Amino acid sequence: MKIQDSISINADRSRVFGVFCDLENAAANIGAITKVEVLSGASQLNVGTKWRETRTMFGKEATEEMWVTAYEQDASYVAEAESRGAHYRTEYRFTPEGSGTRVDMTFEGVPLTFGARLSGIIGTLFVGAAKKALHQDLVDLKRVCEAA
């Protein structure tokens with residue numbers, strides 16, 4: 001499964017990057033997130049930062065552990081996770097766009113086990129809902145970035 005999305009934000013790249021990387025305020029900034037617990041590293045993302053995130057997805061709470069595997073200040077970062085036999089990778093790229101910033105997000109899920117492959121077939125029914133949820137995260141963060 002691969003989902004790509006982008007959003008234009010009327011704020012400079014440094015501010016946008018800072019908001020997107022702020023684990024300490026993630027639960028306040030993103031409506032679907034109910035709790036974030038930093039397990040290692042700083043609450044402002046960097047390579048090696050690991051955290052446990054609880055969010056509401058499809059009407060249920062789910063908790064996943066994630067970690068940062070790539071980080072370029074004000075330009076991009078990659079967060080990864082493994083859960084229920086699949087490997088997940090989310091990349092964010094931050095590009096200046098006029099006086100604002102364009103954020104490009106790519107989410108990929110790759111099954112690692114036979115059970116995850118079977119679940120993936122059923123999971124294709126939920127791609128639209130997952131895309132909508134990921135887009136809402138972008139909208140929530142845009143609101144925070146553009147707030148005075």
# chains A, B, ... in the order shown; residues from 1 in each chain; ligands from 1
>>> select_by_dssp(residues="segment 27-123 of chain A", states="alpha helix (DSSP H)", output="list in words")
Ala27, Ala28, Asn29, Phe114, Gly115, Ala116, Arg117, Leu118, Ser119, Gly120, Ile121, Ile122 and Gly123 of chain A
>>> residues_around(residues="segment 104-108 of chain A", least_positions_apart="5", cutoff="7 Å", atoms="only C-alpha atoms", output="ChimeraX atom specification")
/A:1-7,88-94
>>> residues_around(residues="Ala81 of chain A", least_positions_apart="2", cutoff="7 Å", atoms="only C-alpha atoms", output="mmCIF file with C-alpha atoms, in the first residue's frame")
data_model
loop_
_atom_site.group_PDB
_atom_site.id
_atom_site.type_symbol
_atom_site.label_atom_id
_atom_site.label_comp_id
_atom_site.auth_asym_id
_atom_site.auth_seq_id
_atom_site.Cartn_x
_atom_site.Cartn_y
_atom_site.Cartn_z
ATOM 1 C CA GLU A 65 6.035 2.438 18.282
ATOM 2 C CA MET A 66 7.797 4.568 15.685
ATOM 3 C CA TRP A 67 11.310 5.816 15.140
ATOM 4 C CA SER A 83 3.338 -3.769 13.446
ATOM 5 C CA HIS A 87 6.765 -2.506 7.924
ATOM 6 C CA TYR A 88 5.543 1.087 7.616
ATOM 7 C CA ARG A 89 7.503 4.066 6.337
#
>>> residues_around(residues="Phe20 of chain A", least_positions_apart="5", cutoff="10 Å", atoms="only C-alpha atoms", output="ChimeraX atom specification")
/A:15,25-26,29-30,44-45,77,92,94,103,137-138,141-142,144-145
>>> write_last_selection(atoms="N, CA and C atoms", output="PDB file, in the first residue's frame")
ATOM      1  N   ARG A  15       9.291  27.075  10.471  1.00  0.00           N
ATOM      2  CA  ARG A  15       8.147  26.928  11.395  1.00  0.00           C
ATOM      3  C   ARG A  15       7.384  25.636  11.109  1.00  0.00           C
ATOM      4  N   ASN A  25       3.890  18.208  21.572  1.00  0.00           N
ATOM      5  CA  ASN A  25       2.566  18.795  21.355  1.00  0.00           C
ATOM      6  C   ASN A  25       1.742  18.059  20.305  1.00  0.00           C
ATOM      7  N   ALA A  26       2.187  16.894  19.882  1.00  0.00           N
ATOM      8  CA  ALA A  26       1.498  16.163  18.814  1.00  0.00           C
ATOM      9  C   ALA A  26       0.048  15.847  19.160  1.00  0.00           C
ATOM     10  N   ASN A  29      -1.902  18.942  18.707  1.00  0.00           N
ATOM     11  CA  ASN A  29      -1.893  19.456  17.340  1.00  0.00           C
ATOM     12  C   ASN A  29      -2.636  18.593  16.334  1.00  0.00           C
ATOM     13  N   ILE A  30      -2.723  17.294  16.587  1.00  0.00           N
ATOM     14  CA  ILE A  30      -3.356  16.364  15.643  1.00  0.00           C
ATOM     15  C   ILE A  30      -4.552  15.717  16.337  1.00  0.00           C
ATOM     16  N   GLN A  44      11.754  16.727  20.197  1.00  0.00           N
ATOM     17  CA  GLN A  44      11.832  17.345  18.874  1.00  0.00           C
ATOM     18  C   GLN A  44      12.596  16.341  18.011  1.00  0.00           C
ATOM     19  N   LEU A  45      11.940  15.787  17.014  1.00  0.00           N
ATOM     20  CA  LEU A  45      12.482  14.666  16.240  1.00  0.00           C
ATOM     21  C   LEU A  45      13.913  14.855  15.763  1.00  0.00           C
ATOM     22  N   TYR A  77      12.136  14.322   6.805  1.00  0.00           N
ATOM     23  CA  TYR A  77      12.409  13.264   7.779  1.00  0.00           C
ATOM     24  C   TYR A  77      11.609  12.030   7.406  1.00  0.00           C
ATOM     25  N   TYR A  92       8.276  12.729   5.006  1.00  0.00           N
ATOM     26  CA  TYR A  92       7.781  14.098   4.857  1.00  0.00           C
ATOM     27  C   TYR A  92       8.886  14.927   4.217  1.00  0.00           C
ATOM     28  N   PHE A  94       9.717  18.983   2.928  1.00  0.00           N
ATOM     29  CA  PHE A  94       9.306  20.365   3.137  1.00  0.00           C
ATOM     30  C   PHE A  94      10.014  21.241   2.099  1.00  0.00           C
ATOM     31  N   VAL A 103       4.284  20.711   1.800  1.00  0.00           N
ATOM     32  CA  VAL A 103       4.659  19.481   2.496  1.00  0.00           C
ATOM     33  C   VAL A 103       4.170  18.309   1.650  1.00  0.00           C
ATOM     34  N   ASP A 137      -4.487  14.652   9.243  1.00  0.00           N
ATOM     35  CA  ASP A 137      -3.289  15.004  10.022  1.00  0.00           C
ATOM     36  C   ASP A 137      -2.607  16.233   9.413  1.00  0.00           C
ATOM     37  N   LEU A 138      -2.471  16.238   8.076  1.00  0.00           N
ATOM     38  CA  LEU A 138      -1.851  17.379   7.400  1.00  0.00           C
ATOM     39  C   LEU A 138      -2.661  18.655   7.615  1.00  0.00           C
ATOM     40  N   LEU A 141      -2.162  19.945  11.170  1.00  0.00           N
ATOM     41  CA  LEU A 141      -0.860  20.578  11.342  1.00  0.00           C
ATOM     42  C   LEU A 141      -0.779  21.910  10.591  1.00  0.00           C
ATOM     43  N   LYS A 142      -1.433  21.998   9.445  1.00  0.00           N
ATOM     44  CA  LYS A 142      -1.510  23.269   8.706  1.00  0.00           C
ATOM     45  C   LYS A 142      -2.161  24.333   9.583  1.00  0.00           C
ATOM     46  N   VAL A 144      -2.241  24.568  12.803  1.00  0.00           N
ATOM     47  CA  VAL A 144      -1.303  24.983  13.848  1.00  0.00           C
ATOM     48  C   VAL A 144      -0.221  25.884  13.275  1.00  0.00           C
ATOM     49  N   CYS A 145       0.335  25.512  12.131  1.00  0.00           N
ATOM     50  CA  CYS A 145       1.408  26.289  11.514  1.00  0.00           C
ATOM     51  C   CYS A 145       0.948  27.694  11.141  1.00  0.00           C
TER      52      CYS A 145
END
>>> closest_residue(among="A:Ala28, A:Thr69, A:Val36, A:Ser76", to="Thr95 of chain A", atoms="only C-alpha atoms")
A:Ser76
>>> atom_distance(atom1="atom CA of Ala86 of chain A", atom2="atom CA of Glu64 of chain A")
11.9 Å
